[in-house]
Structures are given as C-alpha cells and as structure tokens.
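Coordinates from run00.cif are shown below (mmCIF, C-alpha atoms).
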```cif
data_entry
loop_
_atom_site.label_atom_id
_atom_site.label_comp_id
_atom_site.auth_asym_id
_atom_site.auth_seq_id
_atom_site.Cartn_x
_atom_site.Cartn_y
_atom_site.Cartn_z
CA MET A 1 58.88 20.00 140.56
CA ILE A 2 55.70 20.43 138.57
CA GLY A 3 55.23 23.58 136.57
CA ASP A 4 52.01 25.52 136.05
CA ASN A 5 51.34 23.70 132.82
CA GLY A 6 50.98 20.39 134.63
CA LEU A 7 54.06 18.86 133.02
CA LYS A 8 57.39 18.15 134.54
CA ASP A 9 59.80 20.67 133.15
CA ALA A 10 62.29 17.91 132.50
CA ASP A 11 59.79 15.96 130.43
CA SER A 12 58.26 18.83 128.50
CA ARG A 13 58.64 18.70 124.73
CA LYS A 14 58.28 21.35 122.06
CA VAL A 15 56.44 20.21 118.93
CA MET A 16 56.88 22.31 115.82
CA VAL A 17 54.30 21.88 113.06
CA ASN A 18 55.00 23.29 109.60
CA THR A 19 51.67 24.34 108.19
CA HIS A 20 53.12 25.33 104.79
CA ASP A 21 53.04 22.82 101.88
CA SER A 22 56.32 21.95 100.28
CA PRO A 23 56.82 22.81 96.58
CA GLU A 24 56.40 19.13 95.75
CA ARG A 25 53.04 18.96 97.53
CA GLU A 26 51.87 22.13 95.80
CA GLU A 27 52.86 20.67 92.44
CA MET A 28 50.96 17.44 93.16
CA ALA A 29 47.90 19.45 94.18
CA GLU A 30 48.08 21.39 90.91
CA LEU A 31 48.38 18.16 88.94
CA ARG A 32 45.34 16.76 90.70
CA ARG A 33 43.43 19.97 89.97
CA GLN A 34 44.34 19.77 86.28
CA ARG A 35 43.37 16.10 86.07
CA ASP A 36 40.00 16.87 87.66
CA LEU A 37 39.53 19.63 85.09
CA TYR A 38 40.52 17.38 82.21
CA GLU A 39 38.25 14.55 83.31
CA GLY A 40 35.31 16.95 83.43
CA LEU A 41 36.16 18.39 80.02
CA LEU A 42 36.62 14.98 78.44
CA ALA A 43 33.34 13.74 79.85
CA ALA A 44 31.60 16.74 78.27
CA GLN A 45 33.35 16.31 74.89
CA SER A 46 33.25 12.53 74.61
CA GLU A 47 31.28 10.72 71.92
CA PRO A 48 30.09 7.09 71.88
CA GLY A 49 32.86 4.72 70.77
CA SER A 50 35.58 7.37 71.00
CA GLY A 51 38.58 8.30 73.11
CA THR A 52 39.64 11.80 74.12
CA VAL A 53 43.00 13.48 74.63
CA VAL A 54 44.12 16.88 75.94
CA VAL A 55 47.06 18.26 73.93
CA GLU A 56 49.26 21.27 74.68
CA GLY A 57 51.38 22.07 71.63
CA GLN A 58 52.40 18.58 70.59
CA ARG A 59 52.48 16.96 74.03
CA VAL A 60 49.75 14.83 75.57
CA ARG A 61 48.66 16.34 78.88
CA TYR A 62 45.90 13.87 79.58
CA ALA A 63 44.27 10.84 77.89
CA ASP A 64 41.13 9.07 79.03
CA ALA A 65 40.83 5.31 79.49
CA SER A 66 39.06 4.87 76.13
CA PHE A 67 41.93 6.44 74.19
CA CYS A 68 44.45 4.37 76.14
CA ASP A 69 42.54 1.20 75.20
CA MET A 70 42.31 2.34 71.58
CA SER A 71 46.04 3.08 71.29
CA GLY A 72 47.30 0.28 73.54
CA TYR A 73 49.47 2.76 75.49
CA PRO A 74 49.04 3.43 79.21
CA ARG A 75 48.43 7.07 80.10
CA GLU A 76 51.91 7.52 81.60
CA GLU A 77 53.59 6.50 78.31
CA LEU A 78 51.38 8.81 76.27
CA GLU A 79 52.18 11.75 78.53
CA ALA A 80 55.90 10.97 78.35
CA MET A 81 55.99 11.10 74.53
CA PRO A 82 57.59 14.21 72.98
CA SER A 83 54.72 14.41 70.46
CA LEU A 84 51.31 12.88 69.87
CA ALA A 85 52.52 12.34 66.28
CA HIS A 86 54.09 9.13 67.59
CA VAL A 87 50.54 7.77 67.77
CA LEU A 88 48.49 9.97 65.41
CA ARG A 89 49.76 10.97 61.98
CA GLU A 90 49.97 14.74 61.74
CA ASP A 91 50.49 15.08 57.97
CA GLU A 92 46.79 15.67 57.45
CA PRO A 93 44.48 18.65 56.80
CA GLY A 94 43.60 20.35 60.07
CA MET A 95 47.10 20.45 61.47
CA GLY A 96 48.11 23.93 62.58
CA GLU A 97 51.52 25.50 62.25
CA GLU A 98 54.42 23.63 63.83
CA GLY A 99 52.32 20.46 63.90
CA ARG A 100 50.08 21.64 66.73
CA TRP A 101 46.69 20.03 66.97
CA ARG A 102 44.09 22.78 66.86
CA PRO A 103 41.13 23.81 64.70
CA ALA A 104 41.69 25.66 61.46
CA ASP A 105 41.60 29.45 61.73
CA GLY A 106 38.08 30.69 62.42
CA ALA A 107 36.59 27.21 62.91
CA ALA A 108 34.91 26.00 66.09
CA GLU A 109 36.42 22.58 65.44
CA SER A 110 38.21 20.67 62.70
CA ARG A 111 37.63 17.07 61.64
CA TYR A 112 39.80 14.83 59.52
CA GLU A 113 40.53 11.14 59.06
CA THR A 114 43.94 9.60 59.63
CA ALA A 115 45.64 6.52 61.04
CA LEU A 116 46.27 5.73 64.69
CA ARG A 117 49.40 3.64 65.28
CA ARG A 118 48.84 1.26 68.16
CA LYS A 119 51.57 0.13 70.52
CA ASP A 120 51.37 -3.39 69.05
CA GLY A 121 52.17 -1.97 65.58
CA ARG A 122 48.69 -2.22 64.11
CA SER A 123 47.19 0.74 62.27
CA VAL A 124 43.58 1.78 62.93
CA ALA A 125 41.54 4.17 60.78
CA VAL A 126 40.21 6.98 62.97
CA GLU A 127 38.33 10.25 62.70
CA VAL A 128 39.75 13.12 64.77
CA ALA A 129 37.70 16.10 65.96
CA ILE A 130 39.90 18.94 67.26
CA LYS A 131 38.38 21.37 69.74
CA THR A 132 40.26 24.19 71.47
CA ILE A 133 40.14 24.90 75.22
CA ILE A 134 40.81 28.50 76.19
CA GLU A 135 42.46 28.63 79.62
CA ASP A 136 44.74 30.93 81.52
CA GLY A 137 48.17 30.07 80.23
CA PRO A 138 49.03 27.85 77.24
CA SER A 139 46.37 27.05 74.66
CA ARG A 140 45.25 23.45 74.90
CA SER A 141 43.05 21.35 72.66
CA VAL A 142 40.71 18.44 73.18
CA LEU A 143 40.96 15.73 70.52
CA VAL A 144 38.02 13.35 70.20
CA VAL A 145 39.28 10.26 68.36
CA ARG A 146 36.75 7.77 66.96
CA ASP A 147 37.55 4.34 65.48
CA VAL A 148 36.10 4.23 61.94
CA SER A 149 37.86 1.07 60.74
CA SER A 150 34.59 -0.93 60.55
CA ARG A 151 32.96 1.80 58.48
CA LYS A 152 36.00 1.96 56.19
CA ALA A 153 35.93 -1.81 55.69
CA ALA A 154 32.23 -1.70 54.82
CA GLN A 155 32.80 1.15 52.34
CA GLU A 156 35.63 -0.75 50.68
CA GLN A 157 33.42 -3.84 50.42
CA VAL A 158 30.72 -1.79 48.71
CA ARG A 159 33.27 -0.30 46.30
CA PHE A 160 34.62 -3.78 45.52
CA GLN A 161 31.15 -5.10 44.80
CA ALA A 162 30.41 -2.10 42.61
CA ARG A 163 33.60 -2.76 40.61
CA LEU A 164 32.52 -6.37 40.13
CA LEU A 165 29.10 -5.30 38.87
CA ASP A 166 30.69 -2.78 36.53
CA ALA A 167 32.78 -5.57 35.04
CA VAL A 168 29.87 -7.83 34.07
CA GLU A 169 28.30 -7.67 30.61
CA GLN A 170 24.69 -7.64 31.84
CA ALA A 171 22.90 -4.46 32.80
CA VAL A 172 22.40 -4.29 36.56
CA VAL A 173 19.95 -1.75 37.96
CA ALA A 174 18.82 -1.42 41.58
CA THR A 175 15.89 0.62 42.89
CA ASP A 176 14.26 1.22 46.25
CA MET A 177 10.67 0.11 46.89
CA ARG A 178 9.37 3.31 45.30
CA GLY A 179 11.20 2.57 42.06
CA GLU A 180 13.87 5.25 42.50
CA VAL A 181 17.24 4.21 41.06
CA THR A 182 19.99 3.51 43.63
CA TYR A 183 22.49 1.74 41.34
CA TRP A 184 23.12 1.72 37.57
CA ASN A 185 26.17 -0.13 36.27
CA ARG A 186 28.25 0.57 33.18
CA ALA A 187 26.57 -2.15 31.13
CA ALA A 188 23.23 -0.43 31.83
CA GLU A 189 24.77 2.83 30.57
CA ARG A 190 25.80 1.14 27.33
CA LEU A 191 22.52 -0.73 26.90
CA TYR A 192 20.05 2.04 27.64
CA GLY A 193 22.06 5.18 26.87
CA TRP A 194 21.47 6.86 30.25
CA SER A 195 24.48 7.57 32.46
CA SER A 196 24.57 6.64 36.13
CA GLU A 197 24.65 10.32 37.10
CA GLU A 198 21.47 10.97 35.09
CA THR A 199 19.48 8.12 36.61
CA LEU A 200 20.44 8.00 40.32
CA GLY A 201 17.55 9.24 42.44
CA GLY A 202 15.12 9.29 39.52
CA ASN A 203 12.22 6.90 39.00
CA LEU A 204 13.00 3.94 36.77
CA ARG A 205 9.77 4.37 34.82
CA ARG A 206 10.89 7.75 33.53
CA PHE A 207 13.93 6.21 31.88
CA LEU A 208 12.89 2.78 30.63
CA VAL A 209 9.09 2.39 30.55
CA SER A 210 7.01 3.73 27.69
CA ASP A 211 3.47 4.94 28.38
CA ASP A 212 1.83 1.88 26.77
CA LEU A 213 3.76 -0.50 29.08
CA ARG A 214 3.17 1.19 32.45
CA ASP A 215 0.45 -1.31 33.44
CA ARG A 216 2.82 -4.17 32.59
CA ALA A 217 5.55 -2.56 34.73
CA ASP A 218 3.07 -2.24 37.63
CA GLU A 219 2.27 -5.96 37.42
CA ILE A 220 5.96 -6.86 37.53
CA MET A 221 6.59 -4.57 40.52
CA ALA A 222 3.65 -6.08 42.38
CA GLU A 223 5.13 -9.55 41.93
CA VAL A 224 8.49 -8.43 43.31
CA LYS A 225 6.92 -6.53 46.22
CA ALA A 226 5.13 -9.74 47.14
CA GLY A 227 8.57 -11.35 47.60
CA ARG A 228 8.69 -13.24 44.31
CA THR A 229 11.38 -13.09 41.62
CA TRP A 230 10.08 -12.18 38.17
CA SER A 231 11.76 -13.30 34.95
CA GLY A 232 10.63 -12.64 31.43
CA GLU A 233 10.84 -10.45 28.35
CA PHE A 234 10.17 -6.73 28.32
CA VAL A 235 10.43 -3.97 25.75
CA ALA A 236 12.45 -1.16 27.29
CA ARG A 237 12.79 2.38 26.01
CA ARG A 238 16.27 3.75 25.41
CA LYS A 239 17.40 7.37 25.95
CA ASP A 240 17.15 8.08 22.21
CA GLY A 241 13.51 6.94 22.21
CA THR A 242 14.06 3.63 20.42
CA SER A 243 12.60 0.39 21.75
CA LEU A 244 14.81 -2.45 22.93
CA PRO A 245 13.63 -6.02 23.66
CA VAL A 246 15.40 -7.40 26.75
CA THR A 247 15.18 -10.37 29.06
CA VAL A 248 14.81 -9.23 32.66
CA THR A 249 15.15 -10.88 36.06
CA ASP A 250 13.86 -8.75 38.94
CA THR A 251 14.66 -9.94 42.46
CA PRO A 252 13.58 -8.40 45.79
CA ALA A 253 16.36 -7.17 48.09
CA TYR A 254 16.09 -7.35 51.88
CA ASP A 255 17.75 -5.67 54.84
CA GLU A 256 19.37 -7.52 57.74
CA GLY A 257 16.02 -7.76 59.51
CA GLY A 258 14.38 -9.43 56.51
CA GLY A 259 12.38 -6.38 55.43
CA PRO A 260 12.15 -5.51 51.71
CA VAL A 261 14.30 -2.52 50.77
CA GLY A 262 14.37 -2.59 46.99
CA VAL A 263 14.64 -4.46 43.71
CA ILE A 264 17.68 -5.68 41.77
CA GLY A 265 17.09 -6.05 38.05
CA ILE A 266 19.42 -7.82 35.60
CA SER A 267 18.71 -7.41 31.90
CA THR A 268 20.22 -8.64 28.63
CA ASP A 269 19.79 -7.36 25.10
CA LEU A 270 17.70 -9.82 23.06
CA THR A 271 18.70 -8.36 19.71
#
```

Output the file's structure as structure tokens, nothing else.
Amino acid sequence: MIGDNGLKDADSRKVMVNTHDSPEREEMAELRRQRDLYEGLLAAQSEPGSGTVVVEGQRVRYADASFCDMSGYPREELEAMPSLAHVLREDEPGMGEEGRWRPADGAAESRYETALRRKDGRSVAVEVAIKTIIEDGPSRSVLVVRDVSSRKAAQEQVRFQARLLDAVEQAVVATDMRGEVTYWNRAAERLYGWSSEETLGGNLRRFLVSDDLRDRADEIMAEVKAGRTWSGEFVARRKDGTSLPVTVTDTPAYDEGGGPVGVIGISTDLT
C-alpha cells in the first residue's frame, strides 16, 4: 500500500536534525572569533622586524608567526605556558603588579629592553612595547617585541673602540665635515684643557685655532675635504689661552657608501 506521501509506509524513515551547536562547537567558534580578532589587532600593531603577542594576565593568548620564529616556540607551546615570563624576563621597569604585562599607570604604552630566552637556550636582546586592549571581559595587552641584538652589538663595539682611544697617549679628535666636534678623547682633554662635554657639538676652531691661524686651518681642511691626509706641525691654542706646538695628522673619514663624513685628527705635544 502506498500512502499519500508517495512512500511505502513500511519503508518510511524519520530523520531528526539537531540544529543546535554543541558546547564544544560553540567553544571552537569563539576561539576562531578571538583568533580573527587577535590577527587583526596584531597586524595593526606590528612593526618591521618585530613579533607580537596578546597577553591576558601572565598567559599568552595568541602569538603571531614572527614572535614564534623569534622565540623558537610554536604557538601551541607558548599558549600552554603558565606565564610569558618563561620566555621574557619580567624583572624590568614597566611590569605591572603581580607581574602582569601592561603599560605603567596613565601611559598609552610602556617600552623597556630585556632578554628573550629562546627555546634553544640562546638569549636575545629585545625591546618590548606594551599596549593595552580594552575589551569586554578581562584586560588584555598587546606586546610588540623587537630584536635589538644587532644594535646592541654595534653600540658595544663603539664603546669598546672609544675605550681603546681613551687609553692611547695621543690626542684624538673627530669632527664632521662642518668642523663640529663628534669625539674628544681623554688625552685631548689633558693636552688642550677642554673637557669632552665642553667640546662636543661645538666647532673645533673655537677651541683650538687662534685668529691669526684661521687661514692656515682653512687650507688644512681643504686638503682633507679633497680626500687627502694632511700631516704637519700646527700651533694650537689651549683653554687657558696659551699656545702649544703640536704635530697633527688629519685623515678623512668615510661612510659605508664611500662618502666623506668627517675628519679624524691625531696630535702630539711637541714640547
């Protein structure tokens, strides 16, 4: 017998469809929504050569691919850590109460330098910018972490070279192409009487060249600007106004592109 619905009653089937999501599916949807939010926020906050992290309290809620590469940890391991302090030192200025990463009171953001501990055990010098996100629910922060190890290495190299120059007995003075002092070592302080703090940024002529020798100083500078090293004797003026005969070697200094950027002068007391 065939019923009105065109199906044999014996073969008819009832299909029940549950249109309600399970709690697990709702949780996954919320996680996806949060990840979409984080990815948009991190894209807006990111800086060249940096990685970004979303932190709630002390826990990592999201880390972008750049931060994962920087730390050596996959995102899942970062999010499973009880505290970001496992990767970033938190004993630094800018840390809020209870070790939470957030800007100092009243600040739009906080910046500080610290060490990032990679998964392979290496330590990397980084700068951290902490920015707060205000959302419904817990307060969360975006951390923009930038690798500054190359800059630190360059700064240390400059400091090392400066210490070497301070240790030599000859006066070493550097100027830019306008004659403004950019370096003045301790031997120059002893020889000429001017301190480094007094000379930096000032024109060399004001400190060492008397009025009757300005034309001679112009001739020497012209030689150096033409790319030639000048060596000879010169009568310098000391801070107390006395004259001092010195032997001088002035050499042009160049940048990485080969352009002239200044002059390095080495002088010795002839007396």

As a compact mmCIF listing (two decimals) with C-alpha atoms, keeping the file's coordinate frame, please: the residues near Ser50 (chain A) (cut-off 9 Å, only C-alpha atoms, same-chain neighbours under 5 positions excluded).
```
# COMPACT_ATOMS: atom_id res chain seq x y z
CA SER A 66 39.06 4.87 76.13
CA PHE A 67 41.93 6.44 74.19
CA MET A 70 42.31 2.34 71.58
CA VAL A 144 38.02 13.35 70.20
CA VAL A 145 39.28 10.26 68.36
CA ARG A 146 36.75 7.77 66.96
CA ASP A 147 37.55 4.34 65.48
```

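Proximity to Ala253 (chain A) was assessed for A:Pro82, A:Gly232, A:Gly227, A:Pro103 counting only C-alpha atoms; the smallest distance is recorded for A:Gly227.
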
Selection result of the PyMOL selection byres ((chain A and resi 190-197) around 9) on this file, as a ChimeraX atom specification: /A:170-171,183-189,198-201,207-208,236-240,244,268-269

So that I can check the surroundings of Asp218 (chain A), please list as an mmCIF file with C-alpha atoms, in the frame of the given file every protein, DNA and RNA residue that reaches within 12 Å of it, counting only C-alpha atoms and ignoring chain neighbours fewer than 4 positions away.
```cif
data_model
loop_
_atom_site.group_PDB
_atom_site.id
_atom_site.type_symbol
_atom_site.label_atom_id
_atom_site.label_comp_id
_atom_site.auth_asym_id
_atom_site.auth_seq_id
_atom_site.Cartn_x
_atom_site.Cartn_y
_atom_site.Cartn_z
ATOM 1 C CA ARG A 178 9.370 3.310 45.300
ATOM 2 C CA GLY A 179 11.200 2.570 42.060
ATOM 3 C CA LEU A 204 13.000 3.940 36.770
ATOM 4 C CA ARG A 205 9.770 4.370 34.820
ATOM 5 C CA VAL A 209 9.090 2.390 30.550
ATOM 6 C CA ASP A 211 3.470 4.940 28.380
ATOM 7 C CA ASP A 212 1.830 1.880 26.770
ATOM 8 C CA LEU A 213 3.760 -0.500 29.080
ATOM 9 C CA ARG A 214 3.170 1.190 32.450
ATOM 10 C CA ALA A 222 3.650 -6.080 42.380
ATOM 11 C CA GLU A 223 5.130 -9.550 41.930
ATOM 12 C CA VAL A 224 8.490 -8.430 43.310
ATOM 13 C CA LYS A 225 6.920 -6.530 46.220
#
```

Name the closest residue to Asp64 (chain A) among the candidates A:Val87, A:Val128, A:Ala226, A:Val142; distances are taken between atoms, counting all atoms listed in the file. A:Val142

CA of Thr114 (chain A) to CA of Glu56 (chain A), distance in Å rounded to a single decimal: 19.8 Å

Computed interatomic separation between CA of Val124 (chain A) and CA of Ser150 (chain A) (Å):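 These atoms are spaced 9.7 Å apart.
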
To one decimal in Å, tell me the separation between CA of Arg89 (chain A) and CA of Arg117 (chain A).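 About the pair CA of Arg89 (chain A) and CA of Arg117 (chain A): they are 8.0 Å apart.
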
Between A:Leu84, A:Leu78, A:Leu270, A:Val246, single out the one closest to Gly57 (chain A), counting all atoms listed in the file. A:Leu84

For the file shown, what are the residues hit by the PyMOL selection byres ((chain A and resi 247-251) around 6), laid out as a PDB file with C-alpha atoms, in the coordinates of the input?
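expr.pdb, written as the output of this step:
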```
ATOM      1  CA  THR A 229      11.380 -13.090  41.620  1.00  0.00           C
ATOM      2  CA  TRP A 230      10.080 -12.180  38.170  1.00  0.00           C
ATOM      3  CA  SER A 231      11.760 -13.300  34.950  1.00  0.00           C
ATOM      4  CA  GLY A 232      10.630 -12.640  31.430  1.00  0.00           C
ATOM      5  CA  GLU A 233      10.840 -10.450  28.350  1.00  0.00           C
ATOM      6  CA  VAL A 246      15.400  -7.400  26.750  1.00  0.00           C
ATOM      7  CA  PRO A 252      13.580  -8.400  45.790  1.00  0.00           C
ATOM      8  CA  VAL A 263      14.640  -4.460  43.710  1.00  0.00           C
ATOM      9  CA  ILE A 264      17.680  -5.680  41.770  1.00  0.00           C
ATOM     10  CA  GLY A 265      17.090  -6.050  38.050  1.00  0.00           C
ATOM     11  CA  ILE A 266      19.420  -7.820  35.600  1.00  0.00           C
ATOM     12  CA  SER A 267      18.710  -7.410  31.900  1.00  0.00           C
ATOM     13  CA  THR A 268      20.220  -8.640  28.630  1.00  0.00           C
TER      14      THR A 268
END
```

Measuring between all atoms listed in the file, which one of A:Ala65, A:Ala115, A:Ser110, A:Gly257 shows the shortest distance to His86 (chain A)?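 So, comparing all the options, the nearest one is A:Ala115.
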
Which residue out of A:Ala63, A:Met177, A:Ala125, A:Ala167 has the minimum interatomic distance to Glu76 (chain A) when all atoms listed in the file are used?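 Checking each candidate against Glu76 (chain A), we get A:Ala63 as the closest.
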
Which residues match the PyMOL selection byres ((chain A and resi 112) around 6) in the file above, as a ChimeraX atom specification? /A:111,113,127-128
